[in-house]
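Listing of run14.cif, mmCIF, C-alpha atoms
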data_my_file
#
loop_
_atom_site.label_atom_id
_atom_site.label_comp_id
_atom_site.auth_asym_id
_atom_site.auth_seq_id
_atom_site.Cartn_x
_atom_site.Cartn_y
_atom_site.Cartn_z
CA MET K 164 10.74 -40.49 -3.42
CA THR K 165 9.45 -41.02 -6.97
CA ARG K 166 6.12 -42.63 -7.86
CA PHE K 167 5.81 -46.19 -6.61
CA ASP K 168 2.06 -46.87 -6.65
CA LEU K 169 -0.61 -47.04 -9.35
CA THR K 170 -1.01 -44.32 -11.95
CA LEU K 171 -3.61 -41.63 -11.31
CA ASP K 172 -5.98 -43.18 -13.87
CA GLN K 173 -5.60 -46.57 -12.19
CA LEU K 174 -6.14 -45.02 -8.76
CA HIS K 175 -9.51 -43.64 -9.78
CA GLY K 176 -10.65 -47.15 -10.68
CA TYR K 177 -8.96 -49.06 -7.88
CA ARG K 178 -11.01 -51.20 -5.47
CA SER K 179 -9.74 -52.79 -2.29
CA ALA K 180 -9.59 -56.55 -1.81
CA SER K 181 -10.50 -56.14 1.86
CA VAL K 182 -13.28 -58.57 2.76
CA GLU K 183 -16.02 -57.09 4.92
CA PRO K 184 -16.95 -59.27 7.92
CA GLU K 185 -20.52 -60.55 7.79
CA ASP K 186 -21.16 -59.23 11.29
CA PHE K 187 -19.47 -55.85 10.73
CA ASP K 188 -22.59 -53.81 11.54
CA ALA K 189 -23.57 -56.03 14.47
CA PHE K 190 -20.06 -55.74 15.91
CA TRP K 191 -20.14 -51.95 15.87
CA THR K 192 -23.74 -51.73 17.07
CA GLU K 193 -22.80 -53.89 20.04
CA THR K 194 -19.61 -51.92 20.70
CA LEU K 195 -21.27 -48.51 20.64
CA GLY K 196 -24.25 -49.80 22.62
CA GLU K 197 -21.93 -50.90 25.40
CA ALA K 198 -20.25 -47.50 25.43
CA ARG K 199 -23.56 -45.65 25.53
CA ALA K 200 -24.62 -47.66 28.57
CA HIS K 201 -22.27 -45.31 30.43
CA GLU K 202 -23.27 -41.70 31.01
CA LEU K 203 -21.45 -39.39 28.59
CA ASP K 204 -20.67 -37.06 31.51
CA ALA K 205 -19.11 -34.42 29.23
CA ARG K 206 -17.49 -31.70 31.35
CA PHE K 207 -16.19 -28.40 29.97
CA GLU K 208 -13.88 -26.39 32.23
CA ALA K 209 -12.73 -22.93 31.09
CA VAL K 210 -8.94 -22.57 31.13
CA PRO K 211 -6.79 -19.43 30.94
CA THR K 212 -4.57 -19.39 27.84
CA GLY K 213 -3.55 -15.76 27.32
CA LEU K 214 -5.56 -15.78 24.07
CA SER K 215 -8.11 -12.98 23.59
CA ALA K 216 -9.82 -14.03 20.35
CA VAL K 217 -10.94 -17.46 21.57
CA GLU K 218 -12.29 -19.15 24.67
CA VAL K 219 -10.82 -22.56 25.55
CA PHE K 220 -12.29 -25.36 27.63
CA ASP K 221 -10.58 -28.45 29.00
CA VAL K 222 -12.95 -31.33 28.22
CA THR K 223 -13.41 -34.73 29.83
CA PHE K 224 -15.99 -37.24 28.59
CA ALA K 225 -16.69 -40.96 28.93
CA GLY K 226 -15.34 -42.96 25.99
CA PHE K 227 -14.96 -46.71 25.55
CA ASP K 228 -16.17 -48.62 28.61
CA GLY K 229 -16.89 -45.30 30.31
CA GLN K 230 -13.17 -44.52 30.54
CA PRO K 231 -12.28 -40.80 30.70
CA VAL K 232 -11.04 -39.17 27.50
CA LYS K 233 -9.67 -35.64 27.30
CA GLY K 234 -10.12 -32.96 24.67
CA TRP K 235 -10.04 -29.26 23.95
CA PHE K 236 -13.10 -27.20 23.06
CA VAL K 237 -12.36 -23.85 21.41
CA LEU K 238 -14.93 -21.12 20.72
CA PRO K 239 -14.63 -17.67 19.13
CA ALA K 240 -14.58 -15.19 22.01
CA GLY K 241 -17.97 -13.78 22.91
CA THR K 242 -19.99 -16.61 21.34
CA THR K 243 -23.61 -16.41 22.51
CA ALA K 244 -25.53 -18.46 19.91
CA PRO K 245 -24.97 -22.06 18.79
CA LEU K 246 -22.30 -22.54 16.12
CA PRO K 247 -21.44 -25.33 13.70
CA VAL K 248 -18.73 -27.55 15.15
CA VAL K 249 -15.62 -29.14 13.66
CA VAL K 250 -14.49 -32.26 15.55
CA GLU K 251 -10.84 -33.07 14.94
CA PHE K 252 -8.85 -36.28 15.46
CA ILE K 253 -5.07 -36.42 15.85
CA GLY K 254 -2.30 -38.10 13.87
CA TYR K 255 -0.39 -41.19 15.01
CA GLY K 256 1.72 -40.78 18.12
CA GLY K 257 0.38 -37.34 18.99
CA GLY K 258 -2.02 -36.07 21.60
CA ARG K 259 -4.17 -32.98 21.91
CA GLY K 260 -1.11 -30.84 22.66
CA LEU K 261 -1.57 -27.27 23.87
CA PRO K 262 -4.70 -25.26 23.09
CA HIS K 263 -2.97 -22.39 21.27
CA THR K 264 -2.02 -24.86 18.51
CA HIS K 265 -5.72 -25.30 17.64
CA LEU K 266 -6.88 -21.91 16.39
CA LEU K 267 -7.81 -22.49 12.74
CA TRP K 268 -11.45 -23.47 12.99
CA ALA K 269 -12.42 -21.04 15.74
CA SER K 270 -10.75 -18.32 13.64
CA ALA K 271 -13.07 -19.33 10.81
CA GLY K 272 -16.07 -18.82 13.09
CA PHE K 273 -16.77 -22.40 14.13
CA ALA K 274 -16.74 -24.26 17.42
CA HIS K 275 -13.78 -26.66 17.47
CA PHE K 276 -13.52 -29.89 19.46
CA VAL K 277 -10.15 -31.70 19.53
CA MET K 278 -10.11 -35.29 20.84
CA ASP K 279 -7.04 -36.60 22.66
CA THR K 280 -6.04 -40.10 21.50
CA ARG K 281 -5.84 -42.63 24.32
CA GLY K 282 -2.38 -43.90 25.10
CA GLN K 283 -0.72 -41.58 22.57
CA GLY K 284 0.86 -38.18 22.94
CA SER K 285 4.55 -38.86 23.42
CA GLY K 286 5.66 -39.07 19.79
CA TRP K 287 5.17 -35.36 19.06
CA ALA K 288 2.24 -33.43 20.68
CA THR K 289 1.56 -34.24 24.32
CA GLY K 290 -1.44 -36.30 25.37
CA ASP K 291 -3.39 -36.57 28.60
CA THR K 292 -5.54 -39.68 28.11
CA PRO K 293 -4.20 -43.04 29.30
CA ASP K 294 -5.30 -46.34 27.81
CA PRO K 295 -5.99 -48.49 30.89
CA VAL K 296 -6.64 -51.62 28.81
CA GLY K 297 -3.72 -54.00 28.45
CA SER K 298 -3.07 -56.47 25.64
CA ALA K 299 -1.15 -59.59 24.79
CA PRO K 300 2.43 -59.13 23.54
CA ALA K 301 2.56 -56.55 20.76
CA PHE K 302 5.14 -54.92 18.51
CA PRO K 303 6.12 -51.42 19.74
CA GLY K 304 3.54 -48.86 18.67
CA PHE K 305 -0.25 -49.18 18.67
CA MET K 306 -1.06 -51.15 15.53
CA THR K 307 -0.75 -54.64 17.02
CA ARG K 308 -2.19 -54.13 20.50
CA GLY K 309 -4.81 -56.86 20.84
CA VAL K 310 -4.71 -57.40 17.07
CA GLU K 311 -5.66 -61.08 17.10
CA ASP K 312 -9.24 -60.42 18.23
CA PRO K 313 -11.49 -57.53 17.15
CA TYR K 314 -12.90 -57.24 20.66
CA THR K 315 -9.46 -56.59 22.15
CA TYR K 316 -7.98 -54.50 19.33
CA TYR K 317 -6.74 -51.05 20.27
CA TYR K 318 -8.67 -49.23 17.56
CA ARG K 319 -11.97 -50.58 18.84
CA ARG K 320 -11.41 -48.32 21.81
CA VAL K 321 -10.18 -45.36 19.75
CA PHE K 322 -13.04 -45.44 17.24
CA THR K 323 -15.54 -45.70 20.08
CA ASP K 324 -13.90 -42.74 21.81
CA ALA K 325 -14.24 -40.81 18.55
CA VAL K 326 -17.98 -41.42 18.24
CA ARG K 327 -18.40 -40.37 21.84
CA ALA K 328 -16.31 -37.26 21.14
CA VAL K 329 -18.86 -36.22 18.51
CA GLU K 330 -21.61 -36.78 21.07
CA ALA K 331 -19.69 -34.76 23.67
CA ALA K 332 -19.15 -31.87 21.25
CA ARG K 333 -22.83 -31.87 20.35
CA SER K 334 -23.81 -31.79 24.00
CA HIS K 335 -22.45 -28.28 24.53
CA PRO K 336 -25.19 -25.59 24.50
CA LEU K 337 -23.20 -23.39 22.09
CA VAL K 338 -23.01 -26.12 19.43
CA ASP K 339 -25.56 -26.62 16.66
CA ALA K 340 -25.54 -30.42 16.56
CA SER K 341 -27.17 -30.50 13.11
CA ARG K 342 -24.06 -28.86 11.62
CA THR K 343 -21.22 -31.16 12.64
CA ALA K 344 -18.09 -31.83 10.60
CA VAL K 345 -15.26 -34.28 11.34
CA THR K 346 -11.68 -34.00 10.16
CA GLY K 347 -8.15 -35.20 10.81
CA VAL K 348 -4.77 -35.89 9.25
CA SER K 349 -3.23 -39.37 8.78
CA GLN K 350 -4.43 -41.44 11.76
CA GLY K 351 -6.87 -38.60 12.38
CA GLY K 352 -8.10 -39.02 8.80
CA GLY K 353 -8.62 -42.74 9.33
CA ILE K 354 -10.58 -42.05 12.50
CA THR K 355 -12.58 -39.45 10.55
CA ILE K 356 -13.63 -42.06 7.99
CA ALA K 357 -14.60 -44.50 10.74
CA VAL K 358 -16.79 -41.85 12.36
CA ALA K 359 -18.32 -41.05 8.97
CA GLY K 360 -19.49 -44.66 8.77
CA LEU K 361 -20.67 -44.86 12.37
CA VAL K 362 -22.44 -41.50 12.76
CA GLY K 363 -25.19 -41.12 10.21
CA ASP K 364 -26.08 -37.42 10.43
CA LEU K 365 -22.85 -35.51 9.85
CA ALA K 366 -22.79 -32.40 7.67
CA ALA K 367 -19.27 -32.85 6.28
CA VAL K 368 -16.24 -35.15 6.42
CA ALA K 369 -12.65 -34.12 5.61
CA PRO K 370 -10.04 -36.92 5.90
CA ASP K 371 -6.54 -35.69 5.02
CA VAL K 372 -3.98 -38.30 3.78
CA PRO K 373 -5.91 -40.90 5.82
CA PHE K 374 -4.32 -43.87 7.56
CA LEU K 375 -6.09 -47.14 8.53
CA CYS K 376 -7.46 -47.87 5.04
CA ASP K 377 -7.18 -50.94 2.80
CA PHE K 378 -5.11 -53.05 5.19
CA PRO K 379 -4.51 -55.91 2.71
CA ARG K 380 -2.66 -53.58 0.35
CA ALA K 381 -1.21 -51.18 2.91
CA THR K 382 0.55 -53.91 4.87
CA THR K 383 2.28 -55.26 1.75
CA ILE K 384 3.04 -52.20 -0.39
CA THR K 385 5.00 -50.09 2.12
CA ASP K 386 7.67 -50.92 4.66
CA ARG K 387 7.27 -47.62 6.48
CA THR K 388 5.71 -47.52 9.91
CA PRO K 389 3.05 -47.58 11.26
CA TYR K 390 1.77 -50.17 8.75
CA ARG K 391 5.07 -52.04 9.03
CA GLU K 392 4.33 -52.70 12.71
CA ILE K 393 1.84 -55.32 11.52
CA GLY K 394 4.40 -57.01 9.28
CA ASN K 395 6.97 -57.02 12.05
CA TYR K 396 4.46 -58.60 14.42
CA LEU K 397 3.68 -61.34 11.91
CA LYS K 398 7.39 -61.81 11.21
CA THR K 399 7.66 -63.00 14.81
CA HIS K 400 4.21 -64.56 15.27
CA ARG K 401 4.38 -66.87 12.29
CA GLY K 402 1.16 -68.50 11.14
CA ARG K 403 -1.18 -65.86 12.59
CA ALA K 404 -1.65 -63.73 9.49
CA ASP K 405 -5.20 -64.93 8.75
CA ARG K 406 -6.31 -64.18 12.29
CA VAL K 407 -4.80 -60.69 12.14
CA ARG K 408 -6.36 -59.98 8.73
CA LYS K 409 -9.79 -60.94 10.05
CA THR K 410 -9.40 -58.53 12.95
CA LEU K 411 -8.19 -55.66 10.79
CA ALA K 412 -11.20 -56.03 8.49
CA TYR K 413 -13.44 -54.69 11.27
CA PHE K 414 -11.36 -51.49 11.34
CA ASP K 415 -10.71 -50.92 7.65
CA GLY K 416 -11.68 -47.46 6.44
CA VAL K 417 -12.94 -49.01 3.20
CA HIS K 418 -15.89 -50.58 5.02
CA PHE K 419 -16.71 -47.47 7.03
CA ALA K 420 -16.56 -45.40 3.84
CA ALA K 421 -19.15 -47.69 2.26
CA ARG K 422 -21.60 -46.57 4.97
CA ALA K 423 -20.89 -42.84 4.89
CA THR K 424 -23.66 -40.40 4.01
CA ALA K 425 -22.05 -36.95 4.43
CA PRO K 426 -20.31 -34.88 1.73
CA ALA K 427 -16.56 -35.47 1.83
CA LEU K 428 -13.29 -33.82 0.84
CA PHE K 429 -10.35 -36.25 0.85
CA SER K 430 -6.69 -35.64 0.11
CA THR K 431 -3.78 -37.83 -0.92
CA ALA K 432 -0.17 -37.48 -2.07
CA LEU K 433 1.19 -39.58 -4.90
CA GLU K 434 4.62 -40.11 -3.29
CA ASP K 435 3.21 -40.92 0.17
CA LEU K 436 5.00 -43.98 1.52
CA THR K 437 3.24 -43.85 4.89
CA CYS K 438 -0.34 -43.90 3.55
CA PRO K 439 0.09 -44.97 -0.08
CA PRO K 440 -2.31 -43.25 -2.49
CA SER K 441 -3.95 -46.52 -3.54
CA THR K 442 -5.02 -47.11 0.06
CA VAL K 443 -6.55 -43.63 0.24
CA PHE K 444 -8.30 -44.07 -3.10
CA ALA K 445 -9.60 -47.43 -1.87
CA ALA K 446 -11.58 -45.57 0.81
CA PHE K 447 -12.47 -42.67 -1.49
CA ASN K 448 -13.76 -44.96 -4.24
CA ALA K 449 -15.80 -46.95 -1.70
CA TYR K 450 -17.25 -43.80 -0.12
CA ALA K 451 -21.01 -44.13 -0.48
CA GLU K 452 -22.02 -40.48 -0.68
CA ASP K 453 -21.92 -39.17 -4.27
CA GLU K 454 -20.94 -35.66 -3.18
CA LYS K 455 -17.24 -36.24 -2.70
CA ALA K 456 -13.94 -34.88 -4.01
CA ILE K 457 -10.26 -35.62 -3.54
CA GLU K 458 -7.31 -33.23 -3.66
CA VAL K 459 -4.22 -34.90 -5.16
CA TYR K 460 -0.72 -33.62 -4.38
CA GLU K 461 1.48 -35.05 -7.11
CA PHE K 462 4.97 -34.55 -5.70
CA ASN K 463 4.42 -34.87 -1.97
CA ASP K 464 5.07 -37.58 0.59
CA HIS K 465 3.02 -37.95 3.78
CA GLU K 466 3.10 -34.23 4.47
CA GLY K 467 0.46 -34.05 1.75
CA GLY K 468 -0.94 -30.61 1.12
CA GLU K 469 -0.37 -29.25 4.63
CA ALA K 470 -1.41 -25.56 4.61
CA PHE K 471 -2.61 -25.87 1.00
CA GLN K 472 -5.06 -28.57 2.08
CA GLN K 473 -6.19 -26.45 5.01
CA ALA K 474 -6.88 -23.66 2.50
CA ALA K 475 -8.91 -26.09 0.40
CA GLN K 476 -10.89 -27.10 3.48
CA LEU K 477 -11.48 -23.44 4.36
CA ARG K 478 -12.95 -22.90 0.89
CA TRP K 479 -15.09 -26.05 1.03
CA LEU K 480 -16.32 -26.51 4.58
CA PRO K 481 -18.21 -23.24 5.22
CA GLY K 482 -20.62 -24.08 2.41
CA LYS K 483 -21.45 -27.36 4.16
CA LEU K 484 -21.83 -25.90 7.65
CA ARG K 485 -23.42 -22.52 7.03
CA GLY K 486 -26.10 -23.54 4.55
#
Show me, as structure tokens, the structure contained in the file I just sent.
Amino acid sequence: MTRFDLTLDQLHGYRSASVEPEDFDAFWTETLGEARAHELDARFEAVPTGLSAVEVFDVTFAGFDGQPVKGWFVLPAGTTAPLPVVVEFIGYGGGRGLPHTHLLWASAGFAHFVMDTRGQGSGWATGDTPDPVGSAPAFPGFMTRGVEDPYTYYYRRVFTDAVRAVEAARSHPLVDASRTAVTGVSQGGGITIAVAGLVGDLAAVAPDVPFLCDFPRATTITDRTPYREIGNYLKTHRGRADRVRKTLAYFDGVHFAARATAPALFSTALEDLTCPPSTVFAAFNAYAEDEKAIEVYEFNDHEGGEAFQQAAQLRWLPGKLRG
């Protein structure tokens, strides 16, 4: 795929047309307050993996509405003192998978917490967290589940789970809660930005080719899923576009980015048809913290930088967590 979006100079100046709801902060304060009315009840159970360099724990904690959410917690073997922690969120359609696929951050000397994504985990990596909340008719996928009301929208549950995942990770005695980073690729990157706006005391944020940003542009510039799920829903449910746009505004990474206070390292790819670069730059340009950078991969699609971006994160993140 050749370039289809704005030029790089234009991207650096681009601003989203997404309109922030007047009650955005009140909505999320209410949502998280309801979740925190339930005990976090974070449980860490050691599991045998055949790995000698790390220790792995099967995690269960209370997410949205107190519903159980799974995760993995990975520590360097023999850890006896609290470590900085990297909390990771997963890409669209995947779940937490198997623990031996999550070795990078423990190998770098950090605690690593991987959140399962409710209802997902059959598209590629397996998941173990159901989503017990139903919705009105929706287009296949997750983007339109409950999309006509912010209180019923699927990502209200996911973003709440993610905030509670940070709280669960910080509850472990071998985690230094003051040195917490969040990261993720694609959907995981979008969740990362949401958490950056909802949790005010993070040490670092690293969204990689993030999804769930700048919905007004994303839903009209690309016909690739998952964004196209929204267009296909509205193709059938004619006349409901304004209602859907109002809901999506509560979940737009642009508005979470405007509230973020932690240093950030973003990434984007200029030929990315899944998460177009203008939508990523919309969140990056809105990101409130001045200490921010973005890695740009000129000739890549949604694979982005892959291992090259991980290398960039490995150069950047230790300075934020070990200071």
*Go through the shown structure with the PyMOL selection byres ((chain K and resi 303-316) around 10) and write out the matching residues as a ChimeraX atom specification.*
/K:190,194,255-256,282-283,296-302,317-321,375,388-397,403-414
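Using only C-alpha atoms, the protein and nucleic acid residues lying no more than 10 Å from Gln230 (chain K), apart from those fewer than 5 places from it along its own chain, are Ala198, His201, Leu203, Thr223, Phe224, Ala225, Arg281, Thr292, Pro293, Asp294, Pro295, Val296, Arg320 and Asp324 of chain K.
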*Compute the distance from (-24.3, -38.0, 6.9) to each atom, counting all atoms listed in the file, keep the residues with any atom at most 12 Å away, and return them as an NGL selection string; use the coordinates of the file.*
:K and (341-345 or 356 or 358-368 or 420-427 or 450-454 or 483)
*Which of K:Gly260, K:Gly196, K:Gly286, K:Pro247 sits closest to Phe273 (chain K) [using only C-alpha atoms]*: K:Pro247
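Taking all atoms listed in the file into account, Thr165 (chain K) lies nearest to K:Phe462 out of the set K:Phe462, K:Phe187, K:Phe429, K:Ala274.
In this model, the gap between CA of Trp479 (chain K) and CA of Asp279 (chain K) comes to 25.4 Å.
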*Hits from the PyMOL selection byres ((chain K and resi 219) around 6), listed as JSON, numbers by chain*: {"K": [209, 210, 218, 220, 236, 237]}
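Nearest residue to Phe167 (chain K) among K:Leu433, K:Ala470, K:Val329, K:Ala200 is K:Leu433, counting all atoms listed in the file.
Note that the spacing between CA of Arg380 (chain K) and CA of His175 (chain K) amounts to 15.8 Å.
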Please reconstruct the missing atoms of region 472-483 of chain K (target: N, CA and C atoms) and return them as an mmCIF file, in the coordinates of the input.
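Result file follows (rebuild_35.cif):
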data_model
loop_
_atom_site.group_PDB
_atom_site.id
_atom_site.type_symbol
_atom_site.label_atom_id
_atom_site.label_comp_id
_atom_site.auth_asym_id
_atom_site.auth_seq_id
_atom_site.Cartn_x
_atom_site.Cartn_y
_atom_site.Cartn_z
ATOM 1 N N GLN K 472 -3.851 -27.798 1.845
ATOM 2 C CA GLN K 472 -5.060 -28.570 2.080
ATOM 3 C C GLN K 472 -5.967 -27.868 3.087
ATOM 4 N N GLN K 473 -5.379 -27.235 4.089
ATOM 5 C CA GLN K 473 -6.190 -26.450 5.010
ATOM 6 C C GLN K 473 -6.923 -25.331 4.257
ATOM 7 N N ALA K 474 -6.235 -24.702 3.310
ATOM 8 C CA ALA K 474 -6.880 -23.660 2.500
ATOM 9 C C ALA K 474 -8.027 -24.244 1.692
ATOM 10 N N ALA K 475 -7.831 -25.437 1.142
ATOM 11 C CA ALA K 475 -8.910 -26.090 0.400
ATOM 12 C C ALA K 475 -10.096 -26.384 1.307
ATOM 13 N N GLN K 476 -9.813 -26.838 2.531
ATOM 14 C CA GLN K 476 -10.890 -27.100 3.480
ATOM 15 C C GLN K 476 -11.614 -25.811 3.870
ATOM 16 N N LEU K 477 -10.867 -24.720 4.015
ATOM 17 C CA LEU K 477 -11.480 -23.440 4.360
ATOM 18 C C LEU K 477 -12.373 -22.914 3.241
ATOM 19 N N ARG K 478 -12.067 -23.272 2.012
ATOM 20 C CA ARG K 478 -12.950 -22.900 0.890
ATOM 21 C C ARG K 478 -14.186 -23.779 0.839
ATOM 22 N N TRP K 479 -14.028 -25.059 1.213
ATOM 23 C CA TRP K 479 -15.090 -26.050 1.030
ATOM 24 C C TRP K 479 -16.042 -26.140 2.208
ATOM 25 N N LEU K 480 -15.498 -26.158 3.419
ATOM 26 C CA LEU K 480 -16.320 -26.510 4.580
ATOM 27 C C LEU K 480 -17.394 -25.485 4.943
ATOM 28 N N PRO K 481 -17.127 -24.169 4.844
ATOM 29 C CA PRO K 481 -18.210 -23.240 5.220
ATOM 30 C C PRO K 481 -19.499 -23.447 4.438
ATOM 31 N N GLY K 482 -19.402 -23.831 3.194
ATOM 32 C CA GLY K 482 -20.620 -24.080 2.410
ATOM 33 C C GLY K 482 -21.410 -25.262 2.917
ATOM 34 N N LYS K 483 -20.764 -26.188 3.613
ATOM 35 C CA LYS K 483 -21.450 -27.360 4.160
ATOM 36 C C LYS K 483 -22.034 -27.069 5.541
#
